[in-house]
file upload22.tsv (TSV, C-alpha atoms and all ligand atoms)
chain	number	residue	atom	x	y	z
B	1	MET	CA	176.98	145.61	144.00
B	2	PRO	CA	173.28	145.87	144.82
B	3	GLN	CA	172.94	148.70	147.36
B	4	ASP	CA	170.30	146.87	149.37
B	5	CYS	CA	172.20	143.58	149.73
B	6	ILE	CA	173.12	143.05	153.40
B	7	PHE	CA	175.79	140.47	152.56
B	8	CYS	CA	177.47	142.83	150.06
B	9	LYS	CA	177.45	145.45	152.85
B	10	ILE	CA	179.06	143.00	155.29
B	11	ILE	CA	181.71	142.09	152.66
B	12	ALA	CA	182.38	145.80	152.04
B	13	GLY	CA	182.75	146.43	155.79
B	14	GLU	CA	179.64	148.63	155.82
B	15	ALA	CA	177.65	146.33	158.12
B	16	PRO	CA	178.93	144.39	161.13
B	17	ALA	CA	179.60	140.67	161.25
B	18	GLU	CA	181.59	138.24	163.35
B	19	PHE	CA	184.01	136.87	160.75
B	20	VAL	CA	185.57	133.45	161.24
B	21	TYR	CA	187.34	133.22	157.86
B	22	GLN	CA	188.17	135.45	154.88
B	23	ASP	CA	190.11	135.05	151.65
B	24	ASP	CA	190.11	136.45	148.11
B	25	LEU	CA	186.99	134.54	147.08
B	26	VAL	CA	184.84	134.08	150.16
B	27	VAL	CA	184.05	135.33	153.64
B	28	ALA	CA	182.52	133.34	156.50
B	29	PHE	CA	180.76	134.84	159.49
B	30	LYS	CA	178.41	133.78	162.29
B	31	ASP	CA	174.69	133.70	161.57
B	32	ILE	CA	172.86	136.30	163.70
B	33	ARG	CA	170.09	133.79	164.49
B	34	PRO	CA	171.99	130.55	165.10
B	35	ALA	CA	169.99	127.35	164.62
B	36	ALA	CA	172.75	125.20	166.16
B	37	PRO	CA	175.78	125.71	168.46
B	38	VAL	CA	177.83	126.29	165.29
B	39	HIS	CA	176.03	128.23	162.55
B	40	ILE	CA	178.30	129.94	160.06
B	41	LEU	CA	177.47	131.43	156.68
B	42	ILE	CA	180.00	130.93	153.88
B	43	VAL	CA	179.49	133.67	151.33
B	44	PRO	CA	181.23	134.36	148.01
B	45	ARG	CA	182.48	137.94	147.63
B	46	LYS	CA	180.86	137.91	144.19
B	47	HIS	CA	177.16	138.82	144.30
B	48	ILE	CA	175.37	135.76	142.89
B	49	PRO	CA	171.65	136.02	143.73
B	50	ASP	CA	170.94	132.31	144.20
B	51	LEU	CA	172.23	128.88	143.24
B	52	THR	CA	170.36	128.83	139.91
B	53	ALA	CA	172.43	131.85	138.78
B	54	ILE	CA	175.77	130.03	138.83
B	55	THR	CA	177.66	129.61	135.55
B	56	GLU	CA	180.62	127.59	134.29
B	57	GLU	CA	182.91	130.38	135.49
B	58	ASP	CA	181.81	129.76	139.09
B	59	LYS	CA	182.99	126.11	139.15
B	60	GLU	CA	186.22	126.90	140.99
B	61	LEU	CA	184.41	129.15	143.45
B	62	LEU	CA	181.89	126.41	144.33
B	63	GLY	CA	184.64	123.86	144.87
B	64	HIS	CA	186.49	126.41	146.98
B	65	ILE	CA	183.43	127.01	149.16
B	66	HIS	CA	183.37	123.29	149.99
B	67	LEU	CA	187.07	123.26	150.86
B	68	VAL	CA	186.59	126.30	153.09
B	69	ALA	CA	183.61	124.63	154.79
B	70	VAL	CA	185.73	121.58	155.61
B	71	LYS	CA	188.59	123.78	156.85
B	72	ILE	CA	186.25	125.69	159.19
B	73	ALA	CA	184.61	122.43	160.33
B	74	LYS	CA	188.05	121.00	161.16
B	75	ASP	CA	189.12	124.19	162.95
B	76	LEU	CA	185.98	124.04	165.10
B	77	GLY	CA	186.34	120.35	165.88
B	78	LEU	CA	183.34	119.28	163.81
B	79	ALA	CA	185.05	117.17	161.16
B	80	GLU	CA	184.98	113.97	163.20
B	81	ARG	CA	181.49	114.41	164.62
B	82	GLY	CA	179.96	115.64	161.39
B	83	PHE	CA	178.08	118.72	160.30
B	84	ARG	CA	175.68	119.97	157.64
B	85	LEU	CA	176.35	122.28	154.69
B	86	ILE	CA	173.19	123.60	153.07
B	87	ASN	CA	171.98	126.09	150.52
B	88	ASN	CA	168.41	127.37	150.55
B	89	CYS	CA	167.43	128.16	146.96
B	90	LYS	CA	164.62	130.61	146.22
B	91	GLU	CA	161.19	130.79	147.83
B	92	GLU	CA	160.28	127.14	148.31
B	93	GLY	CA	163.83	126.38	149.38
B	94	GLY	CA	163.44	128.92	152.18
B	95	GLN	CA	165.89	131.51	150.84
B	96	VAL	CA	165.57	134.90	152.54
B	97	ILE	CA	168.79	136.68	151.55
B	98	TYR	CA	169.36	136.77	147.81
B	99	HIS	CA	173.15	136.66	147.84
B	100	LEU	CA	174.38	133.06	147.49
B	101	HIS	CA	175.48	131.53	150.78
B	102	PHE	CA	175.93	128.14	152.42
B	103	HIS	CA	175.01	127.39	156.01
B	104	LEU	CA	177.54	125.37	158.00
B	105	LEU	CA	175.64	123.84	160.92
B	106	GLY	CA	176.92	121.61	163.67
B	107	GLY	CA	177.66	121.04	167.33
B	108	ARG	CA	174.49	119.06	168.01
B	109	GLN	CA	172.59	116.13	166.50
B	110	LEU	CA	170.73	117.53	163.48
B	111	ARG	CA	167.41	116.04	162.41
B	112	LEU	CA	166.09	115.38	158.94
B	113	LEU	CA	165.00	118.46	157.03
B	114	GLY	CA	161.36	118.99	156.23
K	201	LIG	P1	168.58	131.98	153.96
K	201	LIG	O1	167.21	131.63	154.47
K	201	LIG	O2	169.34	130.78	153.49
K	201	LIG	O3	168.56	133.12	152.97
K	201	LIG	O4	169.37	132.43	155.25
K	201	LIG	C1	169.70	133.75	155.57
K	201	LIG	C2	170.41	133.70	156.91
K	201	LIG	O5	171.09	134.92	157.10
K	201	LIG	C3	169.48	133.50	158.11
K	201	LIG	O6	169.89	132.32	158.82
K	201	LIG	C4	169.69	134.77	158.93
K	201	LIG	O7	169.65	134.54	160.33
K	201	LIG	C5	171.06	135.25	158.47
K	201	LIG	N1	171.31	136.68	158.55
K	201	LIG	C6	170.49	137.67	158.13
K	201	LIG	N2	171.07	138.87	158.31
K	201	LIG	C7	172.29	138.62	158.86
K	201	LIG	C8	173.38	139.43	159.31
K	201	LIG	N3	173.32	140.78	159.22
K	201	LIG	N4	174.46	138.83	159.82
K	201	LIG	C9	174.51	137.49	159.94
K	201	LIG	N5	173.54	136.66	159.53
K	201	LIG	C10	172.44	137.22	159.01
K	202	ZN	ZN	175.19	140.80	147.59
call {"tool": "encode", "arguments": {"input": "upload22.tsv", "output": "structure tokens", "more": "lines below"}}
Ligand code: AMP
Ligand code: ZN
result
Amino acid sequence: MPQDCIFCKIIAGEAPAEFVYQDDLVVAFKDIRPAAPVHILIVPRKHIPDLTAITEEDKELLGHIHLVAVKIAKDLGLAERGFRLINNCKEEGGQVIYHLHFHLLGGRQLRLLG
């Protein structure tokens, strides 16, 4: 695990986070700078730097992330109203933390991305 990766530290219990879900493959915790009433990060335990680094062996993991996102959305009452699941990939995609993660956003009307 990269020593300087904040998400690896959170997964290892070496940095704090407000977890909302955990299993063998992923963890989910609240974003420290929420952009919506619900803003959760869904993060694989495996350190994958960004979406372009996925391989065939990550297929199940990526499907699992989507199932977990829907489970969390349902648990938080967002499944009927709707929500957004996004990945920021590399510099022009706005990625800041280079450990793959998906943002689950909801609880208000979201506008088009720019
Ligand atoms: P991205 O731009 O997709 O890389 O998003 C990184 C996200 O991680 C941002 O929304 C940050 O607010 C969030 N973040 C950074 N550090 C932490 C942390 N220690 N705990 C929770 N969220 C964090
Ligand atoms: Zn990491």
call {"tool": "residues_around", "arguments": {"input": "upload22.tsv", "residues": "Tyr98 (chain B)", "least_positions_apart": "4", "cutoff": "8 Å", "atoms": "only C-alpha atoms", "output": "short mmCIF file (atom, residue, chain, number, x, y, z; two decimals) with C-alpha atoms, keeping the file's coordinate frame"}}
result
data_model
loop_
_atom_site.label_atom_id
_atom_site.label_comp_id
_atom_site.auth_asym_id
_atom_site.auth_seq_id
_atom_site.Cartn_x
_atom_site.Cartn_y
_atom_site.Cartn_z
CA CYS B 5 172.20 143.58 149.73
CA ILE B 48 175.37 135.76 142.89
CA PRO B 49 171.65 136.02 143.73
CA ASP B 50 170.94 132.31 144.20
CA LYS B 90 164.62 130.61 146.22
#
call {"tool": "residues_near_point", "arguments": {"input": "upload22.tsv", "point": "(184.9, 125.6, 156.2)", "cutoff": "12 Å", "atoms": "all atoms listed in the file", "output": "PyMOL selection string"}}
result
chain B and resi 20-23+26-29+38-43+63-79+83-85+102-106
call {"tool": "closest_residue", "arguments": {"input": "upload22.tsv", "among": "B:Gln109, B:His47, B:Ala36, B:Gly82", "to": "Phe7 (chain B)", "atoms": "all atoms listed in the file"}}
result
B:His47
call {"tool": "residues_near_ligand", "arguments": {"input": "upload22.tsv", "ligand": "ligand LIG 201 (chain K)", "cutoff": "6 Å", "atoms": "only C-alpha atoms and all ligand atoms", "output": "ChimeraX atom specification"}}
result
/B:17,30-33,88,94-97
call {"tool": "atom_distance", "arguments": {"input": "upload22.tsv", "atom1": "CA of Arg45 (chain B)", "atom2": "CA of Asp58 (chain B)"}}
result
11.8 Å
call {"tool": "atom_distance", "arguments": {"input": "upload22.tsv", "atom1": "CA of Arg81 (chain B)", "atom2": "CA of Leu110 (chain B)"}}
result
11.3 Å
call {"tool": "atom_distance", "arguments": {"input": "upload22.tsv", "atom1": "CA of Ile11 (chain B)", "atom2": "atom ZN of ligand ZN 202 (chain K)"}}
result
8.4 Å
call {"tool": "axis_aligned_box", "arguments": {"input": "upload22.tsv", "around": "region 64-79 of chain B", "padding_each_side": "5 Å", "output": "JSON"}}
result
{"center_x": 186.2, "center_y": 122.1, "center_z": 156.4, "size_x": 15.8, "size_y": 19.8, "size_z": 28.9}
call {"tool": "closest_residue", "arguments": {"input": "upload22.tsv", "among": "B:Pro34, B:His99, B:Leu62, B:Asp24", "to": "ligand ZN 202 (chain K)", "atoms": "only C-alpha atoms and all ligand atoms"}}
result
B:His99
call {"tool": "closest_residue", "arguments": {"input": "upload22.tsv", "among": "B:Leu100, B:Leu112, B:Cys89, B:Leu61", "to": "ligand ZN 202 (chain K)", "atoms": "all atoms listed in the file"}}
result
B:Leu100
call {"tool": "closest_residue", "arguments": {"input": "upload22.tsv", "among": "B:Ile54, B:His101, B:Glu80, B:Gly93", "to": "ligand ZN 202 (chain K)", "atoms": "only C-alpha atoms and all ligand atoms"}}
result
B:His101
call {"tool": "decode", "arguments": {"input": "upload22.tsv", "residues": "region 41-57 of chain B", "atoms": "C-alpha atoms", "output": "PDB file, in the first residue's frame"}}
result
ATOM      1  CA  LEU B  41     -17.267   7.917  -1.100  1.00  0.00           C
ATOM      2  CA  ILE B  42     -17.305   4.254  -2.136  1.00  0.00           C
ATOM      3  CA  VAL B  43     -13.746   3.000  -2.155  1.00  0.00           C
ATOM      4  CA  PRO B  44     -12.287  -0.407  -3.063  1.00  0.00           C
ATOM      5  CA  ARG B  45      -9.935  -1.840  -0.436  1.00  0.00           C
ATOM      6  CA  LYS B  46      -7.542  -2.570  -3.300  1.00  0.00           C
ATOM      7  CA  HIS B  47      -5.341   0.414  -4.183  1.00  0.00           C
ATOM      8  CA  ILE B  48      -6.179   1.183  -7.825  1.00  0.00           C
ATOM      9  CA  PRO B  49      -4.828   4.661  -8.681  1.00  0.00           C
ATOM     10  CA  ASP B  50      -7.561   5.718 -11.111  1.00  0.00           C
ATOM     11  CA  LEU B  51     -10.217   4.305 -13.421  1.00  0.00           C
ATOM     12  CA  THR B  52      -7.790   3.832 -16.331  1.00  0.00           C
ATOM     13  CA  ALA B  53      -5.811   1.332 -14.202  1.00  0.00           C
ATOM     14  CA  ILE B  54      -8.630  -1.219 -13.958  1.00  0.00           C
ATOM     15  CA  THR B  55      -8.101  -4.660 -15.508  1.00  0.00           C
ATOM     16  CA  GLU B  56     -10.241  -7.674 -16.390  1.00  0.00           C
ATOM     17  CA  GLU B  57      -9.706  -8.956 -12.853  1.00  0.00           C
TER      18      GLU B  57
END
